[in-house]
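J.: Next up is a structure, given as structure tokens.
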Amino acid sequence: MDFATYQNLIQQNKNKTDDNVIARFYDRSVKTNQFDDNGIPVFKTVCYCEIRIKDNTTEVFDQPASKDKKERFPVEYARYELSKKQLDKGTPLEMFAFLSASEIDACRYRGIFSVEALAELSDEHAKNIQLYNECLLARQFISSSQEMKKAISSNTIEASYKRQIADLKKQIEDLKRIINRRRNR
């Protein structure tokens, strides 16, 4: 699912949501009944659906996400799928130190879960969804990160050359010693 599809789904379901119920899809690690070759338990990732009822802080229904839950809460499930897609290729917003918790939640609500997705917004769209400043910060961060990668790559290459030069100098010294020994015989 892409960002535009997610936005369309939000628009289609704007008036269909149940105001008294909040759903959240997430991944949970679940221990299976299997063991690996070393006798260590095998775990698998399972999509769960957490359902909360408004104004009820004690009851939480938390179970593996079934087909009916995905159909009942299509926007929430689409948000979950979009987050997985973006995070497979990008940096989670939580890792972006320049955003507050409320700004991160505002991005997530709008279907943006990675720094890269935030940076890719057009100026006009970022202004329309009131994330323009955050978008600019994300672009600056990515630009700085790319410059840092180049610098690290240059430093790595330079360090490799320095090691090669040191090895060659050692070889030259070893050869000089061998030549001097043969001359002195």
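So you can find residues: chains in the structure tokens are A, B, ... in the order shown, residues in each start at 1, and ligands are numbered from 1 in order.
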I want to know what sits within 12 Å of A:Glu103, based on only C-alpha atoms, with residues of the same chain fewer than 3 positions away left out; could you give that as a VMD selection string?
T.: chain A and resid 93 to 94 96 to 100 106 to 110 112 to 113 118 130 to 135
J.: List the neighbours of stretch 40-55 of chain A out to 12 Å using only C-alpha atoms; skip same-chain residues closer than 2 positions along the sequence, and give me the result as a PyMOL selection string.
T.: chain A and resi 18-38+57-74+76-77+80-81+84
J.: Suppose we keep N, CA and C atoms; can you now write the selection as a compact mmCIF listing (two decimals), in the first residue's frame?
T.:
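Saved result, out-v1.txt, follows:
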# COMPACT_ATOMS: atom_id res chain seq x y z
N ASP A 18 -15.98 4.00 14.28
CA ASP A 18 -16.69 3.90 15.55
C ASP A 18 -15.93 4.76 16.56
N ASP A 19 -16.53 5.85 16.98
CA ASP A 19 -15.86 6.80 17.87
C ASP A 19 -15.57 6.23 19.25
N ASN A 20 -16.23 5.15 19.62
CA ASN A 20 -16.06 4.59 20.96
C ASN A 20 -14.99 3.50 21.02
N VAL A 21 -14.44 3.13 19.89
CA VAL A 21 -13.47 2.05 19.84
C VAL A 21 -12.19 2.53 19.17
N ILE A 22 -11.07 2.17 19.76
CA ILE A 22 -9.76 2.50 19.19
C ILE A 22 -9.02 1.20 18.95
N ALA A 23 -8.53 1.01 17.74
CA ALA A 23 -7.79 -0.21 17.41
C ALA A 23 -6.38 0.15 16.97
N ARG A 24 -5.47 -0.77 17.29
CA ARG A 24 -4.07 -0.60 16.88
C ARG A 24 -3.53 -1.96 16.49
N PHE A 25 -2.94 -2.04 15.32
CA PHE A 25 -2.29 -3.27 14.86
C PHE A 25 -0.79 -3.12 15.09
N TYR A 26 -0.17 -4.20 15.54
CA TYR A 26 1.26 -4.16 15.81
C TYR A 26 1.82 -5.58 15.74
N ASP A 27 3.13 -5.68 15.67
CA ASP A 27 3.81 -6.98 15.64
C ASP A 27 4.21 -7.39 17.04
N ARG A 28 4.03 -8.67 17.33
CA ARG A 28 4.43 -9.21 18.63
C ARG A 28 5.22 -10.49 18.37
N SER A 29 6.26 -10.67 19.13
CA SER A 29 7.04 -11.89 19.07
C SER A 29 6.33 -12.95 19.90
N VAL A 30 6.08 -14.11 19.29
CA VAL A 30 5.35 -15.18 19.96
C VAL A 30 6.23 -16.44 19.96
N LYS A 31 6.33 -17.05 21.12
CA LYS A 31 7.11 -18.28 21.26
C LYS A 31 6.30 -19.44 20.67
N THR A 32 6.93 -20.21 19.80
CA THR A 32 6.27 -21.37 19.21
C THR A 32 6.59 -22.60 20.06
N ASN A 33 6.06 -23.73 19.68
CA ASN A 33 6.36 -24.98 20.38
C ASN A 33 7.58 -25.67 19.79
N GLN A 34 8.28 -25.00 18.91
CA GLN A 34 9.44 -25.58 18.23
C GLN A 34 10.73 -25.14 18.91
N PHE A 35 11.79 -25.92 18.67
CA PHE A 35 13.13 -25.60 19.18
C PHE A 35 14.12 -25.74 18.04
N ASP A 36 15.16 -24.91 18.05
CA ASP A 36 16.18 -25.02 17.01
C ASP A 36 17.15 -26.15 17.35
N ASP A 37 18.19 -26.32 16.56
CA ASP A 37 19.15 -27.41 16.75
C ASP A 37 19.88 -27.34 18.08
N ASN A 38 19.96 -26.15 18.67
CA ASN A 38 20.65 -25.97 19.95
C ASN A 38 19.69 -26.06 21.14
N THR A 57 -10.40 2.56 30.87
CA THR A 57 -8.96 2.37 30.95
C THR A 57 -8.56 0.97 31.39
N THR A 58 -9.51 0.17 31.83
CA THR A 58 -9.16 -1.16 32.35
C THR A 58 -9.29 -2.26 31.32
N GLU A 59 -10.20 -2.15 30.38
CA GLU A 59 -10.40 -3.22 29.41
C GLU A 59 -9.64 -2.97 28.13
N VAL A 60 -8.80 -3.96 27.80
CA VAL A 60 -8.06 -3.95 26.55
C VAL A 60 -8.20 -5.34 25.95
N PHE A 61 -8.66 -5.41 24.73
CA PHE A 61 -8.78 -6.68 24.03
C PHE A 61 -7.57 -6.77 23.10
N ASP A 62 -6.75 -7.76 23.33
CA ASP A 62 -5.48 -7.88 22.60
C ASP A 62 -5.37 -9.32 22.12
N GLN A 63 -5.40 -9.51 20.80
CA GLN A 63 -5.39 -10.86 20.24
C GLN A 63 -4.78 -10.83 18.85
N PRO A 64 -4.39 -11.99 18.33
CA PRO A 64 -3.89 -12.01 16.96
C PRO A 64 -4.91 -11.39 16.00
N ALA A 65 -4.43 -10.64 15.06
CA ALA A 65 -5.31 -9.94 14.12
C ALA A 65 -5.95 -10.93 13.16
N SER A 66 -7.26 -10.98 13.19
CA SER A 66 -8.00 -11.87 12.31
C SER A 66 -8.51 -11.07 11.11
N LYS A 67 -9.03 -11.79 10.13
CA LYS A 67 -9.55 -11.15 8.93
C LYS A 67 -10.67 -10.17 9.29
N ASP A 68 -11.55 -10.56 10.22
CA ASP A 68 -12.66 -9.66 10.56
C ASP A 68 -12.18 -8.38 11.24
N LYS A 69 -11.09 -8.46 12.01
CA LYS A 69 -10.54 -7.25 12.64
C LYS A 69 -9.95 -6.32 11.57
N LYS A 70 -9.29 -6.93 10.60
CA LYS A 70 -8.70 -6.13 9.52
C LYS A 70 -9.79 -5.44 8.70
N GLU A 71 -10.91 -6.11 8.51
CA GLU A 71 -12.02 -5.53 7.75
C GLU A 71 -12.79 -4.50 8.58
N ARG A 72 -12.89 -4.73 9.88
CA ARG A 72 -13.62 -3.80 10.75
C ARG A 72 -12.86 -2.48 10.93
N PHE A 73 -11.52 -2.58 10.94
CA PHE A 73 -10.68 -1.40 11.15
C PHE A 73 -9.73 -1.23 9.95
N PRO A 74 -10.25 -0.92 8.76
CA PRO A 74 -9.40 -0.87 7.56
C PRO A 74 -8.36 0.25 7.60
N GLU A 76 -6.88 1.60 10.28
CA GLU A 76 -5.85 1.24 11.24
C GLU A 76 -4.94 0.13 10.68
N TYR A 77 -5.56 -0.82 9.98
CA TYR A 77 -4.76 -1.90 9.39
C TYR A 77 -3.91 -1.36 8.24
N TYR A 80 -0.94 0.28 9.69
CA TYR A 80 0.03 -0.75 10.10
C TYR A 80 0.84 -1.24 8.89
N GLU A 81 0.15 -1.56 7.79
CA GLU A 81 0.85 -2.05 6.59
C GLU A 81 1.79 -0.98 6.01
N LYS A 84 4.96 -0.69 8.10
CA LYS A 84 5.90 -1.79 7.84
C LYS A 84 6.65 -1.56 6.53
J.: As number ranges by chain, list the residues of stretch 41-137 of chain A assigned to alpha helix (DSSP H) by DSSP on the backbone atoms of this structure.
T.: A: 67-72, 74-89, 101-109, 115-119, 123-128, 132-137
J.: For stretch 95-170 of chain A against stretch 174-182 of chain A, with a cut-off of 10 Å and counting only C-alpha atoms, what is the closest atom pair and its distance in Å to one decimal for every residue that makes the cut, ordered by chain and number, as a tab-separated table?
T.:
residue	atom	partner	partner_atom	distance
A:Leu168	CA	A:Asp174	CA	9.7
A:Lys169	CA	A:Asp174	CA	8.6
A:Lys170	CA	A:Asp174	CA	6.1
J.: Going by DSSP on the backbone, which bits of stretch 59-129 of chain A are strand (DSSP E)? Write them as a PyMOL selection string, please.
T.: chain A and resi 60-64
